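**Q** Just passing along the structure, written as structure tokens.
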Amino acid sequence: MTVREPRAGGRGRSRAVTALLLAPTSAWYLLLLVVPLIILLIFSLGARAPEGGYAPALQLDNYLELPTRATAFINTLWMAGGGTLLCLLVGYPLAYYLATRAGSKRTLLLVLVIVPFWTSFLIRTYAWMTILGNTGIPAILAGLGFGHVSLINTPAAVMIGIVYNYLPLMVFPLYVSLERLDKRLLEASKDLGAGRIATFRQVTLPLSAAGVLSGAILVFIPIMGEYVIPALLGGGKVFFVGNALVDLFLQSRNWPFGSAAAIGLILVILVAVTLYLRVGSRAGVQREVSIL
Amino acid sequence: MKRETMDRDEFQKLYHDFQRGRISRRQLIQVAGLGVASAIIAACAPTAASPTPGATATTKPTEGATAAPTIDPTADWTPPAGVALGDTLIMTTWPNYHDPKTLDRFKELTGVTVQLNIKGSNEEMLAELLVGGTGWDVLVPTNYTFETYGSKSIVEKLDLTKIPRFDAARYDARLLSPAFYPAGSTNQYGFNKDWGTTGFTVNTKHVTTPVTTWKEFFDRTQADLSGKVMIHDYQLTSIGSALVALGYSFNSVAEAELAKAEELLIAVKPHLFAITSDYQPGMRSGDAWMTMTWTNDGVQLHRDIPEIEYVIAADGGEIWSDFFAVVTGAPHREAAYAFLDFMATPKVMAQDAIFHGSPILDSAGIALLPASSTGNKISYPDAASLTKLEFGTAELLTNQARADLWARVKSSS
């Protein structure tokens, strides 16, 4: 024991340093994540006070009422899933081009992807209100003889806003994973007789799966919690759970039901992300890791 | 005009009974409603352009008011002497409701920048005020909120010595009365900014057959005007007008009647262009052809686009009055009072009203309005068109059935 003591002391000191270094993060998560979640949970079991807000109670009524918001949940899920898929379909070719073909223009193009972020998200979304409104794209389409097309305040408008705003979050992880891709593997695939499509399917895509996965998660989770885009481009008609939450807290002041809906949303996201990671790990992200 | 002789206390008692639901809207309007309109119209008629006692015949000086103000009501406003006002003031108010020039002038005179915080409903204001710590100074609440705001001390009892330009004698006591809490007491929590109605505007270039009632408004939305109509994101007016369309009271909280209104609103929703309280952009761009509208927006839209006409529904709807109030614990309290005094100055409020279009109540302010304002039928409608309108009742601000109903309508498909 006496021999071990200094070593134990050293380990103790390093543990103390570790604890000290982790203290700010732990405090942050405890105060700003765990505690609010507990409050949310307690509120979700309560009742609405007469003039609105929270009154203590212990009941499951708020959860039993959740099916009345099924439309908002379904809407959110399909818009988030669809938005992620569209971001992937639009972002992948761009990321591929940036990583493999852009050459000397690469830096310039990467900067151009980021430039829109220099303007406030809110202002960019307001700009879309004008572009999609009657005097914007519909006027141009009508001028070209397409008849009257309504865009603003439709699910299509919200989807356009989503893809526009979240595209860079998809492009960058894809770009990073494609940029790391060893070009010799593509040559080897060609030498072994695989065509372009087979090479893409069997080499490029599996090797960029990590980028696809992280890009999809980076896009999917924030869309699930989206509020501003449907509020501005959906005209109060394309309704996400986020919009339902704002209404419940800020208009009808039913905090307990709002808390239950918020917890419902967290659970839906958890389930969706878990499923997603399962599928992802089966789809060969590990293969990529083992090759690298 | 016989009813004009009703005295202030009698009216307040009546209004209080009405707010509590002890008498029906019809009773109140029969007894008082027409009188209010006549009084205002009388005061605004070009023949009565000077501050005659027309509008204030029934008004006795309010006990809470300052004794015989020595300030000339026609004078320009000057900042209070020897009071540090700071450099900021936060006012929570409605869309398209203040002339930017008025706010610029206040900054010029005091160095205080007025930051506007725009809300779409009184309920939205209340939600944040209940949580507290809003940092708001001035609030522009509607008549039906004072019972809640007074009882919870959300807005403060006005220190009228700090608003010397306000003179209750120049106001119609009946429209000022909701600002007293408890109703009928001398505790004054606000004074009228203006009043108005909740009707709808129609772009007559696109809608050639007239729409005259809320029933037609909702019917046509589901027929030839599908996709071209907006309603407020506001339980009070949207549920209230749907109730009127069904033949019920704007203020109904009866379960069966609310269920019918919910059914109507959910049926109408897929046909709407939008649910929003900021509907001017949609009307101006031509995306929408008809929208639920407050007086001030009606005036502004019609002024810029003459084919957009304002309609007070023949089957009823809301008549309202908004007030200036000071939020309890306002971080810039002195600036808030200075601003209220500024807005109580007849010259200032008249100039502001020319822009926003809602009718004002101060007789000295009305006297300063040009004929183009007082002759505007949107601002100053015929008294007969107001007879069926109802003031929102205090109960509606916190009624859970209506709040939940509106949240369900919003989240329906």
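We label chains A, B, ... in the order they appear in the structure tokens, count residues from 1 in each chain, and number ligands from 1 in the order shown.
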In stretch 31-244 of chain B, what's strand (DSSP E) per DSSP? Answer as a VMD selection string?
**A** chain B and resid 88 to 93 113 to 118 138 to 139 191 to 203 229 to 231
**Q** Could you build a table of the residues in chain B lying no more than 8 Å from chain A, giving for each the nearest pair of atoms and their separation in Å rounded to one decimal place, using only C-alpha atoms, ordered by chain and ascending residue number, as CSV?
**A**
residue,atom,partner,partner_atom,distance
B:Ser121,CA,A:Gln251,CA,7.9
B:Glu123,CA,A:Gln251,CA,5.3
B:Glu124,CA,A:Gln251,CA,5.0
B:Ala127,CA,A:Leu250,CA,5.2
B:Glu128,CA,A:Leu250,CA,7.1
B:Leu130,CA,A:Gly53,CA,7.9
B:Asp233,CA,A:Gly236,CA,7.9
B:Lys269,CA,A:Lys237,CA,7.7
B:Pro270,CA,A:Lys237,CA,7.9
B:Phe273,CA,A:Asn153,CA,6.8
B:Ala274,CA,A:Gly235,CA,4.6
B:Ile275,CA,A:Gly236,CA,5.0
B:Thr276,CA,A:Gly236,CA,6.7
B:Ser285,CA,A:Asn134,CA,6.2
B:Gly286,CA,A:Asn134,CA,6.4
B:Asp287,CA,A:Asn134,CA,5.2
B:Thr398,CA,A:Glu51,CA,4.9
B:Asn399,CA,A:Glu51,CA,7.5
B:Gln400,CA,A:Ser252,CA,7.3
B:Ala403,CA,A:Ser252,CA,4.5
B:Asp404,CA,A:Ser252,CA,6.1
B:Trp406,CA,A:Ser252,CA,7.7
B:Ala407,CA,A:Asp247,CA,6.2
B:Arg408,CA,A:Thr68,CA,7.4
B:Lys410,CA,A:Gly236,CA,7.2
B:Ser411,CA,A:Ala72,CA,6.0
B:Ser412,CA,A:Thr71,CA,6.3
B:Ser413,CA,A:Thr71,CA,6.1
**Q** Would you mind exporting the chosen residues as a CSV table (one decimal), in the first residue's frame, restricted to C-alpha atoms?
**A**
chain,number,residue,atom,x,y,z
B,121,SER,CA,-53.4,39.5,-29.4
B,123,GLU,CA,-53.7,37.0,-24.8
B,124,GLU,CA,-50.1,37.0,-26.1
B,127,ALA,CA,-48.9,35.3,-21.4
B,128,GLU,CA,-45.6,37.2,-21.1
B,130,LEU,CA,-47.9,36.7,-16.2
B,233,ASP,CA,-54.6,34.9,-35.1
B,269,LYS,CA,-59.4,26.7,-42.2
B,270,PRO,CA,-58.4,24.8,-45.3
B,273,PHE,CA,-55.0,32.1,-47.2
B,274,ALA,CA,-53.6,32.7,-43.7
B,275,ILE,CA,-54.3,33.1,-40.0
B,276,THR,CA,-52.5,36.2,-39.0
B,285,SER,CA,-49.6,42.2,-52.5
B,286,GLY,CA,-52.9,40.9,-53.8
B,287,ASP,CA,-52.3,37.4,-52.4
B,398,THR,CA,-58.8,34.2,-19.4
B,399,ASN,CA,-61.6,31.8,-20.5
B,400,GLN,CA,-60.1,28.4,-20.9
B,403,ALA,CA,-58.3,29.5,-25.4
B,404,ASP,CA,-58.3,25.7,-25.9
B,406,TRP,CA,-58.4,28.4,-30.6
B,407,ALA,CA,-55.3,26.2,-30.0
B,408,ARG,CA,-57.3,23.2,-31.4
B,410,LYS,CA,-54.8,26.3,-35.1
B,411,SER,CA,-53.4,22.8,-34.9
B,412,SER,CA,-56.1,21.2,-36.9
B,413,SER,CA,-55.4,20.1,-40.5
**Q** Kindly give the distance, in Å, that separates atom CA of A:Pro168 and atom CA of A:Gly91, rounded to a single decimal.
**A**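 These two atoms are separated by 7.8 Å.
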**Q** Need to verify the contact set: B:Pro79, 8 Å, only C-alpha atoms, exclusion of same-chain residues closer than 2 positions in sequence. Can you return it as a VMD selection string?
**A** chain B and resid 77 81 109 to 110 338
**Q** Just to be explicit: take each residue in the selection above, keep C-alpha atoms, and write the result as a compact mmCIF listing (two decimals), in the first residue's frame.
**A**
# COMPACT_ATOMS: atom_id res chain seq x y z
CA TRP B 77 -45.96 69.33 -25.62
CA ALA B 81 -38.80 69.80 -16.23
CA LEU B 109 -37.97 66.35 -27.75
CA THR B 110 -36.69 63.97 -25.09
CA ALA B 338 -43.65 61.36 -20.27
**Q** Please, what distance in Å, to one decimal, runs between atom CA of A:Ile221 and atom CA of B:Leu405?
**A**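 Atom-to-atom, atom CA of A:Ile221 to atom CA of B:Leu405, that is 29.4 Å.
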**Q** My list of candidates is A:Tyr29, A:Phe220, A:Tyr92, A:Tyr54. Which is closest to A:Pro173 when distances are computed with only C-alpha atoms?
**A**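 For A:Pro173, the nearest of the given residues is A:Tyr92.
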**Q** Counting only C-alpha atoms, which of B:Tyr144, B:Thr204, B:Val244, B:Pro381 gets nearest to B:Ala183?
**A**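 Of B:Tyr144, B:Thr204, B:Val244, B:Pro381, the one nearest B:Ala183 is B:Tyr144, counting only C-alpha atoms.
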**Q** Could you list, as an mmCIF file with N, CA and C atoms, in the first residue's frame, every residue within 12 Å of B:Gly120, counting only C-alpha atoms and ignoring same-chain residues fewer than 2 positions away?
**A**
data_model
loop_
_atom_site.group_PDB
_atom_site.id
_atom_site.type_symbol
_atom_site.label_atom_id
_atom_site.label_comp_id
_atom_site.auth_asym_id
_atom_site.auth_seq_id
_atom_site.Cartn_x
_atom_site.Cartn_y
_atom_site.Cartn_z
ATOM 1 N N ASP A 247 -48.336 28.389 -29.404
ATOM 2 C CA ASP A 247 -49.739 28.710 -29.136
ATOM 3 C C ASP A 247 -50.135 28.328 -27.722
ATOM 4 N N LEU A 250 -48.052 30.737 -25.331
ATOM 5 C CA LEU A 250 -48.203 32.188 -25.478
ATOM 6 C C LEU A 250 -49.620 32.655 -25.783
ATOM 7 N N GLN A 251 -50.494 31.783 -26.229
ATOM 8 C CA GLN A 251 -51.851 32.260 -26.497
ATOM 9 C C GLN A 251 -52.840 31.667 -25.508
ATOM 10 N N THR B 92 -45.260 47.910 -25.901
ATOM 11 C CA THR B 92 -45.818 46.707 -26.500
ATOM 12 C C THR B 92 -47.199 47.052 -27.046
ATOM 13 N N THR B 93 -47.362 46.870 -28.343
ATOM 14 C CA THR B 93 -48.555 47.410 -29.000
ATOM 15 C C THR B 93 -48.937 46.562 -30.201
ATOM 16 N N TRP B 94 -49.770 47.103 -31.087
ATOM 17 C CA TRP B 94 -50.337 46.364 -32.230
ATOM 18 C C TRP B 94 -49.683 46.779 -33.536
ATOM 19 N N PRO B 95 -49.858 45.952 -34.564
ATOM 20 C CA PRO B 95 -49.278 46.303 -35.865
ATOM 21 C C PRO B 95 -49.924 47.564 -36.454
ATOM 22 N N ASN B 96 -49.157 48.366 -37.163
ATOM 23 C CA ASN B 96 -49.646 49.531 -37.922
ATOM 24 C C ASN B 96 -50.469 50.489 -37.061
ATOM 25 N N TYR B 97 -49.956 50.823 -35.891
ATOM 26 C CA TYR B 97 -50.782 51.523 -34.920
ATOM 27 C C TYR B 97 -50.225 52.869 -34.480
ATOM 28 N N ASN B 117 -42.740 46.824 -29.676
ATOM 29 C CA ASN B 117 -42.780 45.385 -29.533
ATOM 30 C C ASN B 117 -44.193 44.999 -29.985
ATOM 31 N N ILE B 118 -44.296 44.389 -31.169
ATOM 32 C CA ILE B 118 -45.614 44.189 -31.778
ATOM 33 C C ILE B 118 -46.190 42.817 -31.411
ATOM 34 N N ASN B 122 -54.178 40.295 -27.238
ATOM 35 C CA ASN B 122 -54.033 40.617 -25.816
ATOM 36 C C ASN B 122 -53.589 39.398 -25.020
ATOM 37 N N GLU B 123 -54.019 38.220 -25.481
ATOM 38 C CA GLU B 123 -53.660 36.987 -24.787
ATOM 39 C C GLU B 123 -52.155 36.752 -24.841
ATOM 40 N N GLU B 124 -51.562 37.106 -25.985
ATOM 41 C CA GLU B 124 -50.128 36.950 -26.147
ATOM 42 C C GLU B 124 -49.398 37.900 -25.186
ATOM 43 N N MET B 125 -49.928 39.122 -25.045
ATOM 44 C CA MET B 125 -49.352 40.072 -24.092
ATOM 45 C C MET B 125 -49.464 39.524 -22.674
ATOM 46 N N LEU B 126 -50.664 39.044 -22.352
ATOM 47 C CA LEU B 126 -50.915 38.534 -21.000
ATOM 48 C C LEU B 126 -49.970 37.387 -20.660
ATOM 49 N N VAL B 140 -50.478 48.760 -24.663
ATOM 50 C CA VAL B 140 -51.682 49.295 -25.302
ATOM 51 C C VAL B 140 -52.780 48.230 -25.229
ATOM 52 N N PRO B 141 -53.318 48.005 -24.024
ATOM 53 C CA PRO B 141 -54.316 46.940 -23.871
ATOM 54 C C PRO B 141 -55.713 47.383 -24.314
ATOM 55 N N ILE B 231 -58.038 35.439 -41.519
ATOM 56 C CA ILE B 231 -58.659 35.815 -40.250
ATOM 57 C C ILE B 231 -57.546 36.078 -39.244
ATOM 58 N N HIS B 232 -57.900 36.770 -38.145
ATOM 59 C CA HIS B 232 -56.898 37.102 -37.128
ATOM 60 C C HIS B 232 -56.368 35.855 -36.436
ATOM 61 N N ASP B 233 -55.119 35.934 -35.989
ATOM 62 C CA ASP B 233 -54.583 34.901 -35.103
ATOM 63 C C ASP B 233 -54.911 35.360 -33.688
ATOM 64 N N TYR B 234 -56.202 35.321 -33.349
ATOM 65 C CA TYR B 234 -56.661 35.973 -32.136
ATOM 66 C C TYR B 234 -58.001 35.348 -31.754
ATOM 67 N N GLN B 235 -58.031 34.663 -30.610
ATOM 68 C CA GLN B 235 -59.259 33.967 -30.237
ATOM 69 C C GLN B 235 -60.448 34.913 -30.148
ATOM 70 N N LEU B 236 -60.237 36.114 -29.575
ATOM 71 C CA LEU B 236 -61.350 37.024 -29.319
ATOM 72 C C LEU B 236 -62.137 37.317 -30.596
ATOM 73 N N THR B 237 -61.415 37.791 -31.627
ATOM 74 C CA THR B 237 -62.102 38.246 -32.832
ATOM 75 C C THR B 237 -62.455 37.095 -33.767
ATOM 76 N N ILE B 275 -53.775 32.642 -41.324
ATOM 77 C CA ILE B 275 -54.306 33.052 -40.031
ATOM 78 C C ILE B 275 -53.252 33.970 -39.437
ATOM 79 N N THR B 276 -53.485 35.278 -39.459
ATOM 80 C CA THR B 276 -52.474 36.214 -38.994
ATOM 81 C C THR B 276 -53.117 37.528 -38.567
ATOM 82 N N SER B 277 -52.515 38.172 -37.577
ATOM 83 C CA SER B 277 -53.015 39.483 -37.156
ATOM 84 C C SER B 277 -52.297 40.604 -37.902
ATOM 85 N N ASP B 278 -51.299 40.254 -38.706
ATOM 86 C CA ASP B 278 -50.591 41.262 -39.501
ATOM 87 C C ASP B 278 -50.930 40.998 -40.968
ATOM 88 N N TYR B 279 -52.122 41.456 -41.357
ATOM 89 C CA TYR B 279 -52.680 41.048 -42.639
ATOM 90 C C TYR B 279 -52.511 42.078 -43.738
ATOM 91 N N TRP B 294 -59.169 45.447 -38.406
ATOM 92 C CA TRP B 294 -59.475 46.486 -37.433
ATOM 93 C C TRP B 294 -59.544 47.834 -38.159
#
**Q** Pick out the residues sitting within 12 Å of A:Ser189, and hand them over as a list in words; count only C-alpha atoms, and ignore anything fewer than 6 positions along from it in its own chain.
**A**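 With the cut-off at 12 Å, the set is Asp182, Lys183, Gly195, Arg196, Ile197, Ala198, Thr199, Phe200, Arg201, Gln202, Val203 and Thr204 of chain A.
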**Q** When DSSP is applied to the backbone of this structure, which of stretch 198-373 of chain B are assigned helix (DSSP H, G or I)? Write them out as a compact mmCIF listing (two decimals) with N, CA and C atoms, in the first residue's frame.
**A**
# COMPACT_ATOMS: atom_id res chain seq x y z
N TRP B 214 -70.97 38.59 -41.37
CA TRP B 214 -69.99 37.55 -41.02
C TRP B 214 -70.43 36.21 -41.58
N LYS B 215 -71.73 35.99 -41.65
CA LYS B 215 -72.22 34.74 -42.21
C LYS B 215 -71.74 34.61 -43.66
N GLU B 216 -71.92 35.70 -44.42
CA GLU B 216 -71.46 35.68 -45.81
C GLU B 216 -69.94 35.57 -45.88
N PHE B 217 -69.26 36.24 -44.95
CA PHE B 217 -67.79 36.19 -44.90
C PHE B 217 -67.31 34.73 -44.83
N PHE B 218 -67.88 33.97 -43.91
CA PHE B 218 -67.43 32.58 -43.75
C PHE B 218 -67.97 31.67 -44.86
N ASP B 219 -69.19 31.96 -45.35
CA ASP B 219 -69.75 31.17 -46.46
C ASP B 219 -68.91 31.34 -47.73
N ARG B 220 -68.64 32.59 -48.05
CA ARG B 220 -67.91 32.88 -49.29
C ARG B 220 -66.47 32.36 -49.22
N THR B 221 -65.90 32.36 -47.99
CA THR B 221 -64.55 31.82 -47.83
C THR B 221 -64.49 30.36 -48.26
N GLN B 235 -58.03 34.66 -30.61
CA GLN B 235 -59.26 33.97 -30.24
C GLN B 235 -60.45 34.91 -30.15
N LEU B 236 -60.24 36.11 -29.57
CA LEU B 236 -61.35 37.02 -29.32
C LEU B 236 -62.14 37.32 -30.60
N THR B 237 -61.41 37.79 -31.63
CA THR B 237 -62.10 38.25 -32.83
C THR B 237 -62.46 37.09 -33.77
N SER B 238 -61.58 36.09 -33.86
CA SER B 238 -61.87 35.01 -34.81
C SER B 238 -63.00 34.12 -34.30
N ILE B 239 -62.95 33.73 -33.03
CA ILE B 239 -64.06 32.93 -32.49
C ILE B 239 -65.31 33.80 -32.41
N GLY B 240 -65.14 35.05 -31.93
CA GLY B 240 -66.28 35.95 -31.77
C GLY B 240 -67.03 36.17 -33.07
N SER B 241 -66.29 36.42 -34.15
CA SER B 241 -66.96 36.68 -35.43
C SER B 241 -67.61 35.41 -35.98
N ALA B 242 -66.98 34.25 -35.73
CA ALA B 242 -67.61 32.99 -36.15
C ALA B 242 -68.92 32.79 -35.38
N LEU B 243 -68.91 33.14 -34.08
CA LEU B 243 -70.14 33.03 -33.28
C LEU B 243 -71.23 33.93 -33.85
N VAL B 244 -70.83 35.16 -34.22
CA VAL B 244 -71.81 36.10 -34.79
C VAL B 244 -72.38 35.54 -36.09
N ALA B 245 -71.51 34.93 -36.90
CA ALA B 245 -71.97 34.35 -38.17
C ALA B 245 -73.02 33.28 -37.94
N GLU B 255 -71.14 26.28 -24.06
CA GLU B 255 -70.43 25.12 -24.61
C GLU B 255 -70.93 24.74 -26.01
N ALA B 256 -72.26 24.64 -26.14
CA ALA B 256 -72.83 24.20 -27.41
C ALA B 256 -72.53 25.20 -28.52
N GLU B 257 -72.59 26.49 -28.18
CA GLU B 257 -72.35 27.52 -29.19
C GLU B 257 -70.87 27.54 -29.60
N LEU B 258 -69.99 27.36 -28.62
CA LEU B 258 -68.56 27.31 -28.94
C LEU B 258 -68.24 26.11 -29.81
N ALA B 259 -68.91 24.98 -29.54
CA ALA B 259 -68.67 23.77 -30.34
C ALA B 259 -69.04 24.03 -31.80
N LYS B 260 -70.16 24.74 -32.01
CA LYS B 260 -70.58 25.09 -33.37
C LYS B 260 -69.54 26.00 -34.04
N ALA B 261 -69.04 26.96 -33.26
CA ALA B 261 -68.05 27.90 -33.80
C ALA B 261 -66.78 27.16 -34.18
N GLU B 262 -66.38 26.19 -33.34
CA GLU B 262 -65.17 25.42 -33.61
C GLU B 262 -65.34 24.63 -34.92
N GLU B 263 -66.52 24.04 -35.06
CA GLU B 263 -66.83 23.28 -36.27
C GLU B 263 -66.69 24.19 -37.51
N LEU B 264 -67.25 25.39 -37.40
CA LEU B 264 -67.20 26.33 -38.52
C LEU B 264 -65.75 26.72 -38.83
N LEU B 265 -64.98 27.06 -37.78
CA LEU B 265 -63.61 27.52 -38.01
C LEU B 265 -62.74 26.41 -38.61
N ILE B 266 -62.95 25.17 -38.12
CA ILE B 266 -62.15 24.06 -38.66
C ILE B 266 -62.54 23.78 -40.12
N ALA B 267 -63.83 23.95 -40.43
CA ALA B 267 -64.27 23.76 -41.82
C ALA B 267 -63.71 24.85 -42.73
N VAL B 268 -63.57 26.06 -42.17
CA VAL B 268 -63.11 27.20 -42.96
C VAL B 268 -61.60 27.17 -43.16
N LYS B 269 -60.88 26.62 -42.18
CA LYS B 269 -59.42 26.73 -42.16
C LYS B 269 -58.72 26.33 -43.47
N PRO B 270 -59.08 25.17 -44.07
CA PRO B 270 -58.37 24.80 -45.32
C PRO B 270 -58.59 25.81 -46.44
N HIS B 271 -59.63 26.65 -46.32
CA HIS B 271 -59.93 27.61 -47.38
C HIS B 271 -59.26 28.96 -47.14
N GLN B 280 -51.95 43.25 -43.41
CA GLN B 280 -51.80 44.27 -44.47
C GLN B 280 -50.92 43.79 -45.62
N PRO B 281 -49.76 43.14 -45.36
CA PRO B 281 -48.92 42.71 -46.48
C PRO B 281 -49.66 41.81 -47.47
N GLY B 282 -50.44 40.85 -46.96
CA GLY B 282 -51.18 39.94 -47.82
C GLY B 282 -52.20 40.66 -48.69
N MET B 283 -52.87 41.67 -48.11
CA MET B 283 -53.87 42.43 -48.87
C MET B 283 -53.18 43.33 -49.90
N ARG B 284 -52.06 43.94 -49.50
CA ARG B 284 -51.37 44.87 -50.39
C ARG B 284 -50.77 44.14 -51.60
N SER B 285 -50.25 42.93 -51.38
CA SER B 285 -49.60 42.21 -52.49
C SER B 285 -50.65 41.58 -53.41
N THR B 295 -60.30 48.76 -37.57
CA THR B 295 -60.52 50.07 -38.18
C THR B 295 -59.25 50.69 -38.74
N ASN B 296 -58.19 50.77 -37.92
CA ASN B 296 -56.98 51.47 -38.34
C ASN B 296 -56.37 50.84 -39.61
N ASP B 297 -56.38 49.50 -39.67
CA ASP B 297 -55.85 48.84 -40.88
C ASP B 297 -56.77 49.11 -42.07
N GLY B 298 -58.09 49.17 -41.79
CA GLY B 298 -59.05 49.46 -42.85
C GLY B 298 -58.78 50.82 -43.46
N VAL B 299 -58.55 51.82 -42.59
CA VAL B 299 -58.27 53.18 -43.07
C VAL B 299 -56.99 53.19 -43.90
N GLN B 300 -55.94 52.53 -43.38
CA GLN B 300 -54.64 52.57 -44.06
C GLN B 300 -54.69 51.85 -45.41
N LEU B 301 -55.36 50.69 -45.44
CA LEU B 301 -55.44 49.94 -46.70
C LEU B 301 -56.25 50.72 -47.74
N HIS B 302 -57.39 51.28 -47.31
CA HIS B 302 -58.26 52.00 -48.23
C HIS B 302 -57.57 53.28 -48.74
N ARG B 303 -56.80 53.91 -47.86
CA ARG B 303 -56.09 55.14 -48.24
C ARG B 303 -55.11 54.86 -49.38
N ASP B 304 -54.39 53.74 -49.28
CA ASP B 304 -53.36 53.43 -50.28
C ASP B 304 -53.92 52.69 -51.49
N ARG B 333 -39.87 54.02 -16.14
CA ARG B 333 -41.17 54.52 -15.71
C ARG B 333 -41.36 56.01 -16.03
N GLU B 334 -40.33 56.82 -15.76
CA GLU B 334 -40.47 58.26 -16.01
C GLU B 334 -40.69 58.52 -17.50
N ALA B 335 -39.93 57.80 -18.34
CA ALA B 335 -40.10 57.96 -19.78
C ALA B 335 -41.50 57.51 -20.20
N ALA B 336 -42.01 56.45 -19.53
CA ALA B 336 -43.34 55.95 -19.85
C ALA B 336 -44.39 57.02 -19.57
N TYR B 337 -44.29 57.66 -18.41
CA TYR B 337 -45.26 58.71 -18.08
C TYR B 337 -45.12 59.91 -19.02
N ALA B 338 -43.87 60.25 -19.34
CA ALA B 338 -43.65 61.36 -20.27
C ALA B 338 -44.31 61.04 -21.61
N PHE B 339 -44.17 59.77 -22.04
CA PHE B 339 -44.76 59.38 -23.32
C PHE B 339 -46.29 59.43 -23.27
N LEU B 340 -46.86 58.98 -22.14
CA LEU B 340 -48.32 59.03 -22.01
C LEU B 340 -48.80 60.48 -22.05
N ASP B 341 -48.06 61.36 -21.36
CA ASP B 341 -48.43 62.77 -21.36
C ASP B 341 -48.32 63.35 -22.78
N PHE B 342 -47.27 62.93 -23.48
CA PHE B 342 -47.06 63.35 -24.87
C PHE B 342 -48.26 62.93 -25.72
N MET B 343 -48.68 61.66 -25.55
CA MET B 343 -49.79 61.15 -26.36
C MET B 343 -51.13 61.73 -25.92
N PRO B 346 -53.52 66.96 -27.27
CA PRO B 346 -54.43 66.91 -28.42
C PRO B 346 -53.73 67.02 -29.77
N LYS B 347 -52.79 67.96 -29.89
CA LYS B 347 -52.09 68.13 -31.17
C LYS B 347 -51.39 66.84 -31.60
N VAL B 348 -50.74 66.20 -30.63
CA VAL B 348 -49.96 64.99 -30.92
C VAL B 348 -50.89 63.85 -31.32
N MET B 349 -51.93 63.63 -30.52
CA MET B 349 -52.81 62.48 -30.81
C MET B 349 -53.56 62.68 -32.13
N ALA B 350 -53.91 63.96 -32.44
CA ALA B 350 -54.62 64.21 -33.70
C ALA B 350 -53.71 63.90 -34.87
N GLN B 351 -52.46 64.36 -34.80
CA GLN B 351 -51.51 64.11 -35.86
C GLN B 351 -51.30 62.61 -36.04
N ASP B 352 -51.18 61.91 -34.92
CA ASP B 352 -50.97 60.46 -34.95
C ASP B 352 -52.19 59.75 -35.56
N ALA B 353 -53.38 60.24 -35.21
CA ALA B 353 -54.61 59.60 -35.69
C ALA B 353 -54.78 59.77 -37.19
N ILE B 354 -54.28 60.89 -37.74
CA ILE B 354 -54.37 61.08 -39.19
C ILE B 354 -53.65 59.92 -39.88
N PHE B 355 -52.54 59.46 -39.25
CA PHE B 355 -51.80 58.33 -39.82
C PHE B 355 -52.52 57.00 -39.57
N HIS B 356 -52.81 56.69 -38.27
CA HIS B 356 -53.27 55.32 -37.99
C HIS B 356 -54.73 55.11 -38.33
N SER B 363 -61.96 65.23 -26.95
CA SER B 363 -62.72 66.19 -27.76
C SER B 363 -61.82 67.28 -28.32
N ALA B 364 -60.81 67.69 -27.56
CA ALA B 364 -59.89 68.71 -28.07
C ALA B 364 -59.05 68.16 -29.22
N GLY B 365 -58.72 66.88 -29.14
CA GLY B 365 -57.98 66.24 -30.22
C GLY B 365 -58.83 66.11 -31.47
N ILE B 366 -60.08 65.69 -31.27
CA ILE B 366 -61.00 65.54 -32.41
C ILE B 366 -61.17 66.87 -33.12
N ALA B 367 -61.24 67.95 -32.34
CA ALA B 367 -61.45 69.28 -32.92
C ALA B 367 -60.31 69.67 -33.85
N ALA B 371 -61.10 67.67 -41.90
CA ALA B 371 -62.37 67.10 -42.35
C ALA B 371 -62.15 65.76 -43.04
N SER B 372 -60.97 65.58 -43.67
CA SER B 372 -60.71 64.32 -44.36
C SER B 372 -60.69 63.15 -43.37
N SER B 373 -60.32 63.43 -42.11
CA SER B 373 -60.33 62.37 -41.11
C SER B 373 -61.71 62.19 -40.51
**Q** Name the residues in contact with stretch 216-219 of chain A at a cut-off of 9 Å, using only C-alpha atoms, excluding same-chain residues fewer than 4 positions from it; report them as a ChimeraX atom specification.
**A** /A:80,83-85,87-88,166-167,169-170,211-212,223-224,273,276
**Q** Just the number, please: distance in Å from atom CA of A:Val176 to atom CA of A:Arg101, one decimal.
**A**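 Result for atom CA of A:Val176 versus atom CA of A:Arg101: 14.1 Å, one decimal.
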**Q** Need to verify the contact set: stretch 305-312 of chain B, 10 Å, only C-alpha atoms, exclusion of same-chain residues closer than 4 positions in sequence. Can you return it as a PyMOL selection string?
**A** chain B and resi 197-207+210-214+283-284+289-295+297-301+316-319+377-379+381+385-386+388-389
